[in-house]
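Shown here: target.txt, compact mmCIF, N, CA and C atoms.
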# COMPACT_ATOMS: atom_id res chain seq x y z
N MET A 1180 -41.76 -9.00 24.54
CA MET A 1180 -41.23 -9.90 23.53
C MET A 1180 -41.85 -11.30 23.70
N SER A 1181 -41.92 -11.98 22.61
CA SER A 1181 -42.52 -13.31 22.59
C SER A 1181 -41.44 -14.38 22.76
N ASP A 1182 -41.87 -15.55 23.22
CA ASP A 1182 -40.94 -16.69 23.32
C ASP A 1182 -40.68 -17.31 21.96
N GLU A 1183 -41.57 -17.05 21.00
CA GLU A 1183 -41.41 -17.57 19.65
C GLU A 1183 -40.31 -16.78 18.93
N ALA A 1184 -39.52 -17.46 18.12
CA ALA A 1184 -38.40 -16.82 17.43
C ALA A 1184 -38.86 -16.12 16.15
N ILE A 1185 -38.16 -15.04 15.84
CA ILE A 1185 -38.32 -14.38 14.54
C ILE A 1185 -37.52 -15.21 13.54
N ARG A 1186 -38.14 -15.61 12.45
CA ARG A 1186 -37.48 -16.46 11.46
C ARG A 1186 -37.13 -15.65 10.22
N ILE A 1187 -35.87 -15.74 9.82
CA ILE A 1187 -35.40 -15.11 8.57
C ILE A 1187 -35.01 -16.25 7.65
N THR A 1188 -35.77 -16.39 6.54
CA THR A 1188 -35.58 -17.53 5.65
C THR A 1188 -35.57 -17.09 4.19
N ARG A 1189 -35.10 -17.99 3.33
CA ARG A 1189 -35.21 -17.78 1.90
C ARG A 1189 -36.46 -18.53 1.44
N GLY A 1190 -37.42 -17.80 0.88
CA GLY A 1190 -38.69 -18.39 0.46
C GLY A 1190 -38.55 -19.25 -0.78
N GLN A 1191 -39.64 -19.87 -1.17
CA GLN A 1191 -39.62 -20.76 -2.34
C GLN A 1191 -39.30 -20.02 -3.63
N GLY A 1192 -39.66 -18.74 -3.69
CA GLY A 1192 -39.36 -17.94 -4.88
C GLY A 1192 -37.97 -17.34 -4.86
N GLY A 1193 -37.17 -17.62 -3.82
CA GLY A 1193 -35.82 -17.10 -3.72
C GLY A 1193 -35.71 -15.81 -2.91
N GLU A 1194 -36.86 -15.26 -2.49
CA GLU A 1194 -36.83 -14.01 -1.72
C GLU A 1194 -36.49 -14.30 -0.26
N VAL A 1195 -35.82 -13.34 0.38
CA VAL A 1195 -35.49 -13.45 1.80
C VAL A 1195 -36.61 -12.74 2.56
N GLU A 1196 -37.27 -13.49 3.44
CA GLU A 1196 -38.41 -12.92 4.15
C GLU A 1196 -38.36 -13.23 5.63
N VAL A 1197 -39.14 -12.45 6.38
CA VAL A 1197 -39.18 -12.57 7.83
C VAL A 1197 -40.57 -13.02 8.24
N ASP A 1198 -40.61 -13.93 9.21
CA ASP A 1198 -41.88 -14.43 9.72
C ASP A 1198 -41.75 -14.53 11.23
N GLY A 1199 -42.86 -14.41 11.91
CA GLY A 1199 -42.86 -14.55 13.36
C GLY A 1199 -43.31 -13.27 14.04
N PRO A 1200 -43.10 -13.22 15.36
CA PRO A 1200 -43.59 -12.09 16.15
C PRO A 1200 -42.70 -10.85 16.01
N VAL A 1201 -43.00 -10.01 15.04
CA VAL A 1201 -42.22 -8.80 14.80
C VAL A 1201 -42.99 -7.61 15.38
N ASP A 1202 -42.46 -7.01 16.45
CA ASP A 1202 -43.09 -5.83 17.03
C ASP A 1202 -42.52 -4.58 16.35
N ALA A 1203 -42.90 -3.41 16.82
CA ALA A 1203 -42.50 -2.15 16.19
C ALA A 1203 -40.98 -1.96 16.22
N PHE A 1204 -40.34 -2.30 17.34
CA PHE A 1204 -38.89 -2.13 17.43
C PHE A 1204 -38.17 -3.09 16.48
N ALA A 1205 -38.58 -4.34 16.46
CA ALA A 1205 -37.97 -5.32 15.56
C ALA A 1205 -38.16 -4.90 14.10
N ALA A 1206 -39.33 -4.32 13.78
CA ALA A 1206 -39.58 -3.84 12.42
C ALA A 1206 -38.61 -2.72 12.06
N ARG A 1207 -38.29 -1.84 13.00
CA ARG A 1207 -37.33 -0.76 12.75
C ARG A 1207 -35.92 -1.32 12.54
N VAL A 1208 -35.56 -2.32 13.32
CA VAL A 1208 -34.25 -2.96 13.15
C VAL A 1208 -34.16 -3.61 11.77
N LEU A 1209 -35.20 -4.30 11.37
CA LEU A 1209 -35.21 -4.94 10.05
C LEU A 1209 -35.16 -3.90 8.94
N ALA A 1210 -35.86 -2.79 9.10
CA ALA A 1210 -35.80 -1.71 8.10
C ALA A 1210 -34.39 -1.15 8.01
N ARG A 1211 -33.71 -1.03 9.12
CA ARG A 1211 -32.32 -0.54 9.13
C ARG A 1211 -31.41 -1.48 8.36
N ALA A 1212 -31.72 -2.78 8.39
CA ALA A 1212 -30.92 -3.78 7.68
C ALA A 1212 -31.31 -3.90 6.21
N GLY A 1213 -32.31 -3.14 5.76
CA GLY A 1213 -32.66 -3.13 4.35
C GLY A 1213 -33.95 -3.85 3.99
N PHE A 1214 -34.67 -4.36 4.98
CA PHE A 1214 -35.91 -5.07 4.71
C PHE A 1214 -37.04 -4.08 4.43
N ASP A 1215 -37.93 -4.45 3.52
CA ASP A 1215 -39.11 -3.67 3.19
C ASP A 1215 -40.33 -4.33 3.83
N THR A 1216 -41.34 -3.51 4.17
CA THR A 1216 -42.57 -4.00 4.76
C THR A 1216 -43.73 -3.68 3.83
N TYR A 1217 -44.54 -4.69 3.52
CA TYR A 1217 -45.68 -4.52 2.64
C TYR A 1217 -46.94 -5.01 3.35
N PRO A 1218 -48.02 -4.21 3.34
CA PRO A 1218 -49.26 -4.68 3.96
C PRO A 1218 -49.90 -5.79 3.13
N THR A 1219 -50.48 -6.75 3.81
CA THR A 1219 -51.22 -7.84 3.16
C THR A 1219 -52.55 -8.01 3.88
N LEU A 1220 -53.41 -8.86 3.36
CA LEU A 1220 -54.70 -9.11 4.01
C LEU A 1220 -54.52 -9.76 5.38
N GLY A 1221 -53.47 -10.53 5.56
CA GLY A 1221 -53.24 -11.23 6.82
C GLY A 1221 -52.27 -10.53 7.75
N GLY A 1222 -51.85 -9.33 7.46
CA GLY A 1222 -50.87 -8.62 8.30
C GLY A 1222 -49.87 -7.86 7.45
N VAL A 1223 -48.61 -8.23 7.57
CA VAL A 1223 -47.56 -7.59 6.78
C VAL A 1223 -46.62 -8.66 6.22
N TRP A 1224 -45.98 -8.31 5.13
CA TRP A 1224 -44.95 -9.16 4.52
C TRP A 1224 -43.66 -8.37 4.61
N ILE A 1225 -42.66 -8.92 5.28
CA ILE A 1225 -41.37 -8.27 5.44
C ILE A 1225 -40.36 -9.06 4.65
N ARG A 1226 -39.67 -8.39 3.72
CA ARG A 1226 -38.69 -9.09 2.87
C ARG A 1226 -37.62 -8.12 2.40
N LEU A 1227 -36.52 -8.69 1.92
CA LEU A 1227 -35.47 -7.88 1.28
C LEU A 1227 -35.87 -7.61 -0.16
N PRO A 1228 -35.39 -6.52 -0.74
CA PRO A 1228 -35.68 -6.26 -2.17
C PRO A 1228 -35.17 -7.41 -3.04
N PHE A 1229 -35.84 -7.63 -4.16
CA PHE A 1229 -35.47 -8.70 -5.08
C PHE A 1229 -34.24 -8.33 -5.90
N ASP A 1230 -33.55 -9.34 -6.41
CA ASP A 1230 -32.52 -9.24 -7.44
C ASP A 1230 -31.33 -8.35 -7.09
N LEU A 1231 -30.88 -8.38 -5.84
CA LEU A 1231 -29.68 -7.66 -5.46
C LEU A 1231 -28.50 -8.60 -5.25
N GLY A 1232 -28.70 -9.85 -5.53
CA GLY A 1232 -27.62 -10.84 -5.44
C GLY A 1232 -27.66 -11.59 -4.12
N ARG A 1233 -27.28 -12.86 -4.20
CA ARG A 1233 -27.30 -13.70 -3.00
C ARG A 1233 -26.33 -13.21 -1.94
N THR A 1234 -25.17 -12.72 -2.35
CA THR A 1234 -24.19 -12.24 -1.37
C THR A 1234 -24.75 -11.08 -0.58
N TRP A 1235 -25.34 -10.11 -1.29
CA TRP A 1235 -25.93 -8.94 -0.62
C TRP A 1235 -27.06 -9.38 0.31
N GLU A 1236 -27.92 -10.28 -0.17
CA GLU A 1236 -29.03 -10.77 0.64
C GLU A 1236 -28.52 -11.49 1.89
N ASN A 1237 -27.51 -12.34 1.73
CA ASN A 1237 -26.96 -13.06 2.86
C ASN A 1237 -26.35 -12.11 3.89
N GLU A 1238 -25.62 -11.10 3.42
CA GLU A 1238 -25.00 -10.15 4.34
C GLU A 1238 -26.06 -9.38 5.13
N HIS A 1239 -27.11 -8.92 4.46
CA HIS A 1239 -28.13 -8.13 5.14
C HIS A 1239 -29.01 -8.99 6.05
N ALA A 1240 -29.27 -10.21 5.67
CA ALA A 1240 -30.04 -11.11 6.53
C ALA A 1240 -29.24 -11.44 7.79
N THR A 1241 -27.95 -11.68 7.64
CA THR A 1241 -27.10 -11.96 8.79
C THR A 1241 -26.98 -10.74 9.68
N TRP A 1242 -26.83 -9.56 9.08
CA TRP A 1242 -26.74 -8.32 9.84
C TRP A 1242 -28.02 -8.11 10.64
N ALA A 1243 -29.17 -8.34 10.03
CA ALA A 1243 -30.44 -8.20 10.73
C ALA A 1243 -30.53 -9.18 11.90
N ALA A 1244 -30.13 -10.42 11.68
CA ALA A 1244 -30.16 -11.42 12.74
C ALA A 1244 -29.24 -11.03 13.89
N GLU A 1245 -28.06 -10.51 13.58
CA GLU A 1245 -27.13 -10.08 14.63
C GLU A 1245 -27.68 -8.91 15.43
N MET A 1246 -28.30 -7.93 14.74
CA MET A 1246 -28.87 -6.79 15.45
C MET A 1246 -30.05 -7.21 16.33
N LEU A 1247 -30.91 -8.08 15.82
CA LEU A 1247 -32.04 -8.55 16.61
C LEU A 1247 -31.57 -9.37 17.81
N THR A 1248 -30.55 -10.19 17.62
CA THR A 1248 -30.01 -10.97 18.72
C THR A 1248 -29.40 -10.05 19.78
N ALA A 1249 -28.71 -9.01 19.34
CA ALA A 1249 -28.13 -8.05 20.29
C ALA A 1249 -29.22 -7.33 21.08
N ALA A 1250 -30.39 -7.17 20.49
CA ALA A 1250 -31.53 -6.55 21.16
C ALA A 1250 -32.33 -7.58 21.97
N ARG A 1251 -31.79 -8.78 22.12
CA ARG A 1251 -32.35 -9.86 22.93
C ARG A 1251 -33.62 -10.49 22.36
N TYR A 1252 -33.75 -10.48 21.04
CA TYR A 1252 -34.82 -11.22 20.39
C TYR A 1252 -34.29 -12.62 20.09
N SER A 1253 -35.17 -13.58 20.08
CA SER A 1253 -34.82 -14.93 19.66
C SER A 1253 -34.97 -14.98 18.14
N VAL A 1254 -33.89 -15.38 17.44
CA VAL A 1254 -33.87 -15.33 15.98
C VAL A 1254 -33.42 -16.68 15.43
N ASP A 1255 -34.15 -17.16 14.43
CA ASP A 1255 -33.74 -18.34 13.67
C ASP A 1255 -33.35 -17.87 12.28
N LEU A 1256 -32.07 -17.97 11.95
CA LEU A 1256 -31.57 -17.58 10.64
C LEU A 1256 -31.34 -18.83 9.81
N ASP A 1257 -31.93 -18.87 8.64
CA ASP A 1257 -31.77 -20.00 7.72
C ASP A 1257 -30.28 -20.19 7.45
N PRO A 1258 -29.74 -21.40 7.61
CA PRO A 1258 -28.31 -21.64 7.37
C PRO A 1258 -27.87 -21.25 5.96
N ASP A 1259 -28.78 -21.27 5.00
CA ASP A 1259 -28.47 -20.87 3.62
C ASP A 1259 -28.14 -19.37 3.53
N LEU A 1260 -28.54 -18.60 4.54
CA LEU A 1260 -28.33 -17.15 4.50
C LEU A 1260 -27.03 -16.71 5.19
N ARG A 1261 -26.33 -17.62 5.79
CA ARG A 1261 -25.08 -17.25 6.46
C ARG A 1261 -23.98 -17.09 5.42
N PRO A 1262 -23.32 -15.91 5.41
CA PRO A 1262 -22.25 -15.73 4.43
C PRO A 1262 -21.01 -16.53 4.84
N THR A 1263 -20.28 -17.02 3.86
CA THR A 1263 -19.02 -17.71 4.16
C THR A 1263 -17.93 -16.66 4.25
N PRO A 1264 -17.04 -16.78 5.23
CA PRO A 1264 -15.96 -15.80 5.33
C PRO A 1264 -15.06 -15.87 4.11
N PRO A 1265 -14.57 -14.72 3.61
CA PRO A 1265 -13.77 -14.72 2.39
C PRO A 1265 -12.47 -15.50 2.51
N ALA A 1266 -11.88 -15.55 3.70
CA ALA A 1266 -10.60 -16.22 3.87
C ALA A 1266 -10.77 -17.67 4.30
N ALA A 1267 -11.97 -18.17 4.34
CA ALA A 1267 -12.21 -19.53 4.83
C ALA A 1267 -11.59 -20.58 3.92
N SER A 1268 -11.43 -20.29 2.63
CA SER A 1268 -10.88 -21.28 1.72
C SER A 1268 -9.36 -21.31 1.74
N ALA A 1269 -8.71 -20.26 2.24
CA ALA A 1269 -7.25 -20.22 2.29
C ALA A 1269 -6.75 -21.00 3.51
N PRO A 1270 -5.65 -21.72 3.38
CA PRO A 1270 -5.08 -22.41 4.53
C PRO A 1270 -4.69 -21.41 5.62
N LEU A 1271 -4.73 -21.84 6.87
CA LEU A 1271 -4.44 -20.96 8.00
C LEU A 1271 -3.07 -20.32 7.89
N ALA A 1272 -2.06 -21.07 7.45
CA ALA A 1272 -0.71 -20.52 7.36
C ALA A 1272 -0.65 -19.35 6.38
N LEU A 1273 -1.40 -19.41 5.29
CA LEU A 1273 -1.39 -18.33 4.31
C LEU A 1273 -2.14 -17.10 4.79
N ARG A 1274 -3.15 -17.28 5.63
CA ARG A 1274 -3.94 -16.15 6.10
C ARG A 1274 -3.14 -15.26 7.05
N HIS A 1275 -2.17 -15.83 7.78
CA HIS A 1275 -1.44 -15.07 8.78
C HIS A 1275 -0.02 -14.69 8.35
N ARG A 1276 0.35 -15.02 7.13
CA ARG A 1276 1.69 -14.72 6.67
C ARG A 1276 1.81 -13.23 6.36
N LYS A 1277 2.92 -12.61 6.76
CA LYS A 1277 3.14 -11.20 6.46
C LYS A 1277 3.49 -11.05 4.99
N THR A 1278 2.99 -9.99 4.41
CA THR A 1278 3.36 -9.67 3.04
C THR A 1278 4.39 -8.57 3.05
N ALA A 1279 4.95 -8.28 1.91
CA ALA A 1279 5.96 -7.22 1.82
C ALA A 1279 5.35 -5.87 2.21
N ALA A 1280 4.11 -5.64 1.89
CA ALA A 1280 3.46 -4.36 2.20
C ALA A 1280 3.23 -4.20 3.70
N THR A 1281 2.95 -5.29 4.43
CA THR A 1281 2.66 -5.16 5.85
C THR A 1281 3.92 -5.22 6.71
N SER A 1282 5.03 -5.69 6.18
CA SER A 1282 6.23 -5.82 7.00
C SER A 1282 7.18 -4.63 6.88
N GLN A 1283 6.90 -3.68 6.01
CA GLN A 1283 7.77 -2.52 5.86
C GLN A 1283 7.31 -1.37 6.73
N PRO A 1284 8.23 -0.44 7.06
CA PRO A 1284 7.85 0.71 7.86
C PRO A 1284 6.93 1.65 7.09
N SER A 1285 6.43 2.67 7.78
CA SER A 1285 5.50 3.62 7.15
C SER A 1285 6.17 4.32 5.98
N PRO A 1286 5.39 4.83 5.01
CA PRO A 1286 5.94 5.44 3.81
C PRO A 1286 6.83 6.66 4.08
N SER A 1287 6.55 7.41 5.11
CA SER A 1287 7.34 8.61 5.36
C SER A 1287 8.73 8.26 5.89
N GLY A 1288 8.86 7.13 6.55
CA GLY A 1288 10.15 6.70 7.06
C GLY A 1288 10.51 7.38 8.38
N ALA A 1289 9.89 8.47 8.72
CA ALA A 1289 10.20 9.19 9.95
C ALA A 1289 9.37 8.63 11.10
N PRO A 1290 9.98 8.57 12.29
CA PRO A 1290 9.20 8.09 13.43
C PRO A 1290 8.09 9.10 13.77
N ARG A 1291 7.01 8.62 14.28
CA ARG A 1291 5.89 9.49 14.62
C ARG A 1291 6.09 10.09 16.01
N ARG A 1292 5.70 11.34 16.14
CA ARG A 1292 5.75 11.98 17.44
C ARG A 1292 4.45 11.69 18.17
N PRO A 1293 4.51 11.54 19.50
CA PRO A 1293 3.27 11.31 20.24
C PRO A 1293 2.38 12.55 20.22
N ARG A 1294 1.09 12.34 20.25
CA ARG A 1294 0.13 13.46 20.30
C ARG A 1294 0.10 14.06 21.68
N ARG A 1295 -0.24 15.31 21.73
CA ARG A 1295 -0.40 15.97 23.04
C ARG A 1295 -1.82 16.23 23.32
Entire entry expressed as structure tokens:
Amino acid sequence: MSDEAIRITRGQGGEVEVDGPVDAFAARVLARAGFDTYPTLGGVWIRLPFDLGRTWENEHATWAAEMLTAARYSVDLDPDLRPTPPAASAPLALRHRKTAATSQPSPSGAPRRPRR
């Protein structure tokens, strides 16, 4: 592995692309996350498919960065690609409040027997 980081960024045309020292294993991890590899005159171009929506692109770019980091690669993920958590806009008190559906017993009403 190289000391240089693998960079996942949003290009000028809006595409999410990968740059840096990508070896065969890192390429497989990126392919698992949905990235496509295209040969070019200068090497390869690794990017996500176009027009699948910013949310989808952000999720897959973040997933790729997490998998590469878990495999001990150094990764720079563009801050624009980090998804915002869905509950981040709700106040903390509302996120942890029990609802009627979560505070009632199971639908059958009968206690469960332990498994053997």
My list of candidates is A:Gly1193, A:Pro1228, A:Pro1258, A:Gly1199. Which is closest to A:Thr1216 when distances are computed with only C-alpha atoms?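 Of A:Gly1193, A:Pro1228, A:Pro1258, A:Gly1199, the one nearest A:Thr1216, counting only C-alpha atoms, is A:Pro1228.
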Pairwise distance for atom C of A:Thr1248 and atom CA of A:Asp1215, rounded to one decimal in Å: 20.3 Å
Give me, please, the distance in Å between atom CA of A:Glu1194 and atom CA of A:Arg1251, quoted to one decimal.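 For atom CA of A:Glu1194 relative to atom CA of A:Arg1251, the distance reads 25.4 Å.
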Could you please determine the separation between atom CA of A:Asp1257 and atom CA of A:Val1195 in Å, to one decimal place?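 These atoms are spaced 9.6 Å apart.
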Write out as a ChimeraX atom specification each polymer residue whose atoms come within 6 Å of A:Ile1185, counting only N, CA and C atoms; drop sequence neighbours fewer than 2 positions from it. /A:1183,1187,1198-1200,1253-1255
Pick from A:Gly1192, A:Gly1213, A:Gly1221, A:Pro1262, whichever lies nearest to A:Ala1243 using all atoms listed in the file: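 Closest residue, counting all atoms listed in the file: A:Gly1213.
Of the residues under consideration (A:Leu1220, A:Val1208, A:Asp1202, A:Arg1186), A:Val1208 shows the shortest atom-to-atom contact distance to A:Leu1247 when counting all atoms listed in the file.
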Within 6.5 Å of A:Phe1214, counting all atoms listed in the file, which residues show up once you throw out same-chain ones fewer than 2 positions away? Write them as a list in words, please. Leu1209, Ala1210, Arg1211, Ala1212, Thr1216, Ile1225, Arg1226, Leu1227 and Pro1228 of chain A
